[in-house]
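Reading through the structure tokens given below for one structure.
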Amino acid sequence: MPIDLEKLSKVLVDSGLLTSKELAEVKKKSEDAKISIEDVLVDDEYISDENLGQLASDIYNVPYVNLKKKRIDESVLRIVPELVAKRQKIITFARGSEGIKLAMNDPSNDELIFFIEKKTGEKVTPYYTSSINIIEGLQHYRKEIKEEFDDIIKENIEATRSKKPEDSELPVTRIIDTVLEYAYQNKASDIHIEPHANTVVIRFRIDGILHDVVTLPKDVHSFLITRIKIMSRLRTDEHRSAQDGRLVFETDVEKVDVRVSVIPVSDGEKAVLRLLSEKSRQFKLSELGLAPENLKILEKEFRKPHGMVLATGPTGSGKTTTLYAIIKILNKREVNISTIEDPVEYDIQGVNQIQVDQKTNLTFAKGLRSVLRQDPDIVMVGEIRDEDTADIAINAAMTGHLVLSTLHTNDAPTTLPRLLEMKIEPFLIATTVGVALAQRLVRKIHQGCIESFIPTEKDLQKYKRAVDKKALEKIGMFKKNIRLYRGKGCQLCHDTGFEGRIGIFEMLEMTDTIRQMVMKRSNSGEIRTAAIAEGMIPMLDDGLKKAAQGITTIEEVFRVITT
């Protein structure tokens with residue numbers, strides 16, 4: 001049975017974590033969306049998964065365990081067969097002189113505890129863990145993907161070559177399903193299926209970096225591409241033109257939307273599949289990596305009834321995630337939120353989302369004009385690409401709407417001259433833009449294998465060649481015995497030393513000084529100097545500070561800023 005809702009509700013209200021009104025809203029959303037109270041509490045940021053686990057463990061009067069932070073020996077894991085673990089939502093995670101430690105989603109199930117004690121002849125100590133943690137723990141049952149593919153190839157490769165991919169029982173289907181499952185479990189954002197002269201290489205993009213995963217025989221390539229085309233409803237007889245489609249696959253946690261792109265290359269057709277997983281994508285503004293002072297400025301601006309908030313940076317720098325995190329906070333029943341996106345990456349309940357469609361000539365500008373006739377309070381424009389879109393967006397911000405959008409600039413100060421280049425009048429920019437937030441994504445050090453080290457003289461010289469010495473001095477880089485951090489690499493992080501990503505930012509606030517500079521059409525260098533004098537934290541400084549704190553490595557900061 002799930003957590004006793006009556007007890008949980010009482011604890012949440014008595015502790016001040018939720019008001020009675022908020023609790024009622026949570027319960028209603030749980031009923032309407034047909035998801036658990038626990039999922040609503042965590043997804044809507046009322047409480048973290050770990051804090052909810054601690055509360056639940058108090059209710060059950062058993063200890064709490066976070067399986068994400070545990071290494072589990074295979075012999076211990078397999079005390080309980082995978083099918084039983086999955087069905088009963090349990091994981092055996094430790095074994096010692098005191099018996100077996102059992103993580104459970106329902107520690108009140110005495111019958112199950114007694115059964116395992118009887119089967120093993122050992123004492124079982126129950127621990128509470130969340131259903132999300134159980135799913136994480138179940139991944140330990142899986143082989144490495146290379147082992148899995150070795151088995152598939154040994155058993156079935158000949159059958160794949162001799163039969164048609166339309167048959168859902170054939171090995172080619174198993175190969176594609178395995179690729180999707182492993183990509184999802186490893187939190188990959190993209191799958192690349194690349195044909196070469198004699199092989200097919202499958203690669204995953206994890207935390208922004210491409211990793212070779214497995215190499216398959218070339219003669220399986222056509223079957224894989226055909227199967228992908230069938231699943232995404234593309235033409236299987238077209239091999240010389242680019243095609244775009246989508247498919248959906250189901251995991252234990254959610255249905256995952258996958259955007260598919262197939263293009264002809266010299267050795268065949270290359271497919272790239274982008275996984276759009278809502279569960280693995282962070283939408284919590286407080287967890288994106290913003291410094292407290294920047295978070296305060298940003299919140300002040302997006303709480304205003306009108307104006308413009310701009311997120312800037314190259315493709316893949318997390319701009320859309322930042323805007324979605326803001327929308328999630330603002331998404332209340334009393335406001336009308338509309339978006340125009342290309343593509344709509346994640347469905348947000350209660351938000352009107354429009355997909356740009358070049359085939360029907362539904363552009364950002366035309367979509368935005370239509371949205372503004374729908375009585376919106378808040379509008380998100382996926383990207384300001386041209387003068388027409390910029391003009392409409394700025395005027396919308398001028399006429400009582402809060403506008404959130406993205407722009408491709410390398411830093412925050414360049415945003416304002418970029419709008420001037422789009423022929424927006426200086427006084428409109430000065431009166432509508434509240435903040436410009438530039439960002440990049442760096443990989444986080446895996447906390448399970450983090451180690452500190454003292455940089456050598458050779459390291460220091462390398463750092464000085466990479467960036468301005470003054471930025472390094474701010475974090476005390478040249479002090480005696482300064483310690484930096486890195487991940488050693490372990491089984492849990494696949495020997496990369498990293499797990500997940502976090503943003504590094506610089507935020508330009510439209511102060512009176514900056515406003516006057518816009519009116520004078522000052523260049524980005526002049527605006528940057530003035531903004532730093534007024535307290536703007538440069539992106540490099542923000543990144544180096546995170547490196548000094550052991551959140552990321554100094555090499556990661558250099559990688560994303562200097563390339």
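Following the order of the structure tokens, chains are lettered A, B, ..., residues in each are numbered from 1, and ligands are numbered from 1.
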Could you give me, as CSV, a per-residue list for range 265-338 of chain A showing, wherever an atom lies at most 12 Å from an atom of range 529-553 of chain A, the closest pair of atoms and their distance in Å to one decimal, using only C-alpha atoms and sorting by chain then residue number from low to high?
residue,atom,partner,partner_atom,distance
A:Gly289,CA,A:Lys546,CA,9.0
A:Leu290,CA,A:Asp542,CA,9.0
A:Ala291,CA,A:Asp542,CA,8.0
A:Pro292,CA,A:Asp542,CA,11.7
A:Glu293,CA,A:Ile537,CA,9.7
A:Asn294,CA,A:Ile537,CA,8.7
A:Ile297,CA,A:Met536,CA,11.0
A:Gly313,CA,A:Met539,CA,11.3
Please produce an output containing C-alpha atoms for each residue in the selection, written as a short mmCIF file (atom, residue, chain, number, x, y, z; two decimals), in the first residue's frame.
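Result file follows (out36.cif):
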data_model
loop_
_atom_site.label_atom_id
_atom_site.label_comp_id
_atom_site.auth_asym_id
_atom_site.auth_seq_id
_atom_site.Cartn_x
_atom_site.Cartn_y
_atom_site.Cartn_z
CA GLY A 289 22.56 26.46 -10.78
CA LEU A 290 21.64 30.14 -10.48
CA ALA A 291 23.48 32.08 -7.77
CA PRO A 292 21.08 33.27 -5.02
CA GLU A 293 21.49 36.93 -6.03
CA ASN A 294 20.73 36.12 -9.69
CA ILE A 297 16.71 39.29 -9.68
CA GLY A 313 23.24 31.07 -25.48
#
Shell around range 22-39 of chain A at 10 Å using only C-alpha atoms, local window under 4 positions removed, as a ChimeraX atom specification:
/A:2-3,5,8-10,12-13,17-18,43-49,52-53,56,130-132,349
Tell me, as a PyMOL selection string, which residues lie within 12 Å of Gly497 in chain A, counting only C-alpha atoms; anything in the same chain fewer than 4 positions away does not count.
chain A and resi 207+443-451+485-493+551-553+556
Those of range 155-301 of chain A in DSSP strand (DSSP E), formatted as a PyMOL selection string:
chain A and resi 188-195+199-206+209-217+243-250+255-265+268-276
For Pro264 in chain A, find every residue with an atom within 7 Å (counting only C-alpha atoms), except residues of its own chain fewer than 4 positions away, and show them as a VMD selection string.
chain A and resid 239 to 242 268 to 270
Pick out each residue of range 179-365 of chain A that DSSP on the backbone tags as helix (DSSP H, G or I); I need them as a PyMOL selection string.
chain A and resi 179-185+218-231+285-287+292-302+319-330+358-360+364-365
For Glu117 in chain A, please output as a tab-separated table (two decimals) with N, CA, C and O atoms, in the first residue's frame all residues within 12 Å (counting only C-alpha atoms; exclusion window: fewer than 2 positions along the same chain).
chain	number	residue	atom	x	y	z
A	79	ILE	N	19.54	-11.61	-4.64
A	79	ILE	CA	18.82	-12.38	-3.60
A	79	ILE	C	17.34	-12.41	-3.97
A	79	ILE	O	16.65	-13.41	-3.78
A	80	VAL	N	16.87	-11.29	-4.52
A	80	VAL	CA	15.48	-11.20	-5.00
A	80	VAL	C	15.52	-11.15	-6.52
A	80	VAL	O	16.19	-10.29	-7.10
A	92	THR	N	17.07	-5.47	-2.62
A	92	THR	CA	18.03	-5.83	-1.57
A	92	THR	C	19.33	-5.10	-1.88
A	92	THR	O	19.91	-5.29	-2.95
A	99	GLY	N	22.30	-9.27	8.86
A	99	GLY	CA	21.29	-9.75	7.93
A	99	GLY	C	21.21	-8.94	6.65
A	99	GLY	O	22.19	-8.31	6.23
A	100	ILE	N	20.03	-8.93	6.04
A	100	ILE	CA	19.81	-8.29	4.74
A	100	ILE	C	19.08	-6.96	4.93
A	100	ILE	O	18.12	-6.87	5.71
A	101	LYS	N	19.54	-5.93	4.20
A	101	LYS	CA	18.85	-4.65	4.20
A	101	LYS	C	18.00	-4.57	2.94
A	101	LYS	O	18.49	-4.76	1.82
A	102	LEU	N	16.70	-4.30	3.15
A	102	LEU	CA	15.73	-4.35	2.05
A	102	LEU	C	15.06	-2.99	1.88
A	102	LEU	O	14.37	-2.51	2.77
A	110	ASP	N	4.56	-6.77	6.05
A	110	ASP	CA	5.23	-7.76	6.92
A	110	ASP	C	5.28	-9.14	6.27
A	110	ASP	O	6.23	-9.90	6.48
A	111	GLU	N	4.26	-9.46	5.49
A	111	GLU	CA	4.19	-10.78	4.85
A	111	GLU	C	5.36	-10.97	3.88
A	111	GLU	O	5.98	-12.03	3.84
A	112	LEU	N	5.68	-9.92	3.12
A	112	LEU	CA	6.78	-9.99	2.16
A	112	LEU	C	8.12	-10.09	2.88
A	112	LEU	O	9.00	-10.87	2.49
A	113	ILE	N	8.28	-9.33	3.96
A	113	ILE	CA	9.51	-9.38	4.75
A	113	ILE	C	9.72	-10.79	5.32
A	113	ILE	O	10.82	-11.35	5.25
A	114	PHE	N	8.64	-11.37	5.87
A	114	PHE	CA	8.71	-12.72	6.45
A	114	PHE	C	9.07	-13.74	5.37
A	114	PHE	O	9.86	-14.66	5.60
A	115	PHE	N	8.52	-13.59	4.16
A	115	PHE	CA	8.79	-14.51	3.06
A	115	PHE	C	10.27	-14.51	2.70
A	115	PHE	O	10.88	-15.58	2.50
A	119	LYS	N	12.98	-17.52	3.12
A	119	LYS	CA	13.69	-18.00	1.94
A	119	LYS	C	15.21	-17.97	2.16
A	119	LYS	O	15.92	-18.90	1.74
A	120	THR	N	15.71	-16.93	2.81
A	120	THR	CA	17.16	-16.76	2.96
A	120	THR	C	17.70	-17.30	4.28
A	120	THR	O	18.90	-17.54	4.42
A	121	GLY	N	16.81	-17.44	5.28
A	121	GLY	CA	17.25	-17.84	6.61
A	121	GLY	C	18.00	-16.74	7.33
A	121	GLY	O	18.74	-16.99	8.28
A	122	GLU	N	17.83	-15.49	6.87
A	122	GLU	CA	18.51	-14.34	7.47
A	122	GLU	C	17.49	-13.29	7.91
A	122	GLU	O	16.39	-13.21	7.36
A	123	LYS	N	17.90	-12.48	8.88
A	123	LYS	CA	17.06	-11.38	9.34
A	123	LYS	C	16.99	-10.31	8.25
A	123	LYS	O	17.98	-9.99	7.60
A	124	VAL	N	15.80	-9.75	8.03
A	124	VAL	CA	15.61	-8.69	7.03
A	124	VAL	C	15.24	-7.39	7.74
A	124	VAL	O	14.29	-7.35	8.53
A	125	THR	N	16.00	-6.33	7.45
A	125	THR	CA	15.70	-5.00	8.00
A	125	THR	C	15.10	-4.14	6.90
A	125	THR	O	15.75	-3.88	5.88
A	126	PRO	N	13.82	-3.72	7.04
A	126	PRO	CA	13.20	-2.92	5.99
A	126	PRO	C	13.63	-1.46	6.04
A	126	PRO	O	13.82	-0.89	7.12
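Look at Arg246 in chain A: the protein and nucleic acid residues within 8 Å of it, using only C-alpha atoms and passing over chain neighbours fewer than 4 places away, are Ser232, Arg233, Asp257, Val258, Arg259 and Val260 of chain A.
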Excluding range 303-310 of chain A and its own-chain neighbours fewer than 4 positions away, which residues fall within 7 Å of it when counting only C-alpha atoms? Please give them as a list in words.
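The contact residues come out as Glu299, Ala397, Met398, Gly400, His401, Leu402, Val403, Leu404, Ser405, Thr406, Leu407, Thr432, Val433, Gly434, Val435, Ala436 and Leu437 of chain A.
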Limited to N, CA and C atoms, could you put the picked residues into a file as a PDB file, in the first residue's frame?
ATOM      1  N   GLU A 299      13.574  36.258 -10.401  1.00  0.00           N
ATOM      2  CA  GLU A 299      12.216  36.093  -9.869  1.00  0.00           C
ATOM      3  C   GLU A 299      11.485  37.426  -9.810  1.00  0.00           C
ATOM      4  N   ALA A 397       5.308  42.842 -25.033  1.00  0.00           N
ATOM      5  CA  ALA A 397       5.810  43.166 -23.697  1.00  0.00           C
ATOM      6  C   ALA A 397       5.449  44.584 -23.288  1.00  0.00           C
ATOM      7  N   MET A 398       5.327  45.467 -24.291  1.00  0.00           N
ATOM      8  CA  MET A 398       4.982  46.868 -24.050  1.00  0.00           C
ATOM      9  C   MET A 398       3.508  47.037 -23.689  1.00  0.00           C
ATOM     10  N   GLY A 400       1.342  45.096 -21.963  1.00  0.00           N
ATOM     11  CA  GLY A 400       0.732  44.421 -20.824  1.00  0.00           C
ATOM     12  C   GLY A 400       0.899  42.929 -20.748  1.00  0.00           C
ATOM     13  N   HIS A 401       1.834  42.364 -21.526  1.00  0.00           N
ATOM     14  CA  HIS A 401       2.087  40.925 -21.463  1.00  0.00           C
ATOM     15  C   HIS A 401       3.489  40.658 -20.913  1.00  0.00           C
ATOM     16  N   LEU A 402       3.635  39.555 -20.202  1.00  0.00           N
ATOM     17  CA  LEU A 402       4.965  39.076 -19.832  1.00  0.00           C
ATOM     18  C   LEU A 402       5.431  38.158 -20.952  1.00  0.00           C
ATOM     19  N   VAL A 403       6.570  38.491 -21.567  1.00  0.00           N
ATOM     20  CA  VAL A 403       7.094  37.716 -22.693  1.00  0.00           C
ATOM     21  C   VAL A 403       8.397  37.039 -22.281  1.00  0.00           C
ATOM     22  N   LEU A 404       8.456  35.729 -22.478  1.00  0.00           N
ATOM     23  CA  LEU A 404       9.673  34.951 -22.235  1.00  0.00           C
ATOM     24  C   LEU A 404      10.169  34.457 -23.584  1.00  0.00           C
ATOM     25  N   SER A 405      11.474  34.618 -23.840  1.00  0.00           N
ATOM     26  CA  SER A 405      11.970  34.149 -25.135  1.00  0.00           C
ATOM     27  C   SER A 405      13.458  33.854 -25.068  1.00  0.00           C
ATOM     28  N   THR A 406      13.988  33.297 -26.162  1.00  0.00           N
ATOM     29  CA  THR A 406      15.421  32.993 -26.262  1.00  0.00           C
ATOM     30  C   THR A 406      16.003  33.721 -27.462  1.00  0.00           C
ATOM     31  N   LEU A 407      17.317  33.899 -27.391  1.00  0.00           N
ATOM     32  CA  LEU A 407      18.041  34.589 -28.448  1.00  0.00           C
ATOM     33  C   LEU A 407      19.422  33.949 -28.543  1.00  0.00           C
ATOM     34  N   THR A 432      11.289  47.636 -22.018  1.00  0.00           N
ATOM     35  CA  THR A 432      10.615  46.329 -21.958  1.00  0.00           C
ATOM     36  C   THR A 432      11.508  45.206 -21.414  1.00  0.00           C
ATOM     37  N   VAL A 433      12.781  45.159 -21.813  1.00  0.00           N
ATOM     38  CA  VAL A 433      13.652  44.061 -21.387  1.00  0.00           C
ATOM     39  C   VAL A 433      13.993  44.215 -19.907  1.00  0.00           C
ATOM     40  N   GLY A 434      13.669  43.197 -19.116  1.00  0.00           N
ATOM     41  CA  GLY A 434      13.969  43.229 -17.684  1.00  0.00           C
ATOM     42  C   GLY A 434      15.325  42.626 -17.372  1.00  0.00           C
ATOM     43  N   VAL A 435      15.575  41.407 -17.896  1.00  0.00           N
ATOM     44  CA  VAL A 435      16.870  40.750 -17.717  1.00  0.00           C
ATOM     45  C   VAL A 435      17.226  39.965 -18.975  1.00  0.00           C
ATOM     46  N   ALA A 436      18.532  39.862 -19.207  1.00  0.00           N
ATOM     47  CA  ALA A 436      19.057  38.949 -20.229  1.00  0.00           C
ATOM     48  C   ALA A 436      19.952  37.968 -19.497  1.00  0.00           C
ATOM     49  N   LEU A 437      19.629  36.693 -19.624  1.00  0.00           N
ATOM     50  CA  LEU A 437      20.327  35.642 -18.885  1.00  0.00           C
ATOM     51  C   LEU A 437      21.083  34.763 -19.870  1.00  0.00           C
TER      52      LEU A 437
END
Proximity to Val557 in chain A - best of A:Ser189, A:Gln439, A:Ser286, A:Arg369, only C-alpha atoms
A:Gln439
Nearest to Arg227 in chain A among A:Val172, A:Pro413, A:Lys284, A:Glu526, with distances taken over only C-alpha atoms: which residue is it?
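The answer is A:Val172, which sits nearest to Arg227 in chain A.
As for CA of Arg333 in chain A and CA of Val351 in chain A, they are spaced 9.8 Å apart.
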Taking only C-alpha atoms into account, name the residue in A:Thr322, A:Ser522, A:Thr226, A:Ser97 that is nearest to Leu420 in chain A.
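Of all the options, A:Ser522 lies closest to Leu420 in chain A.
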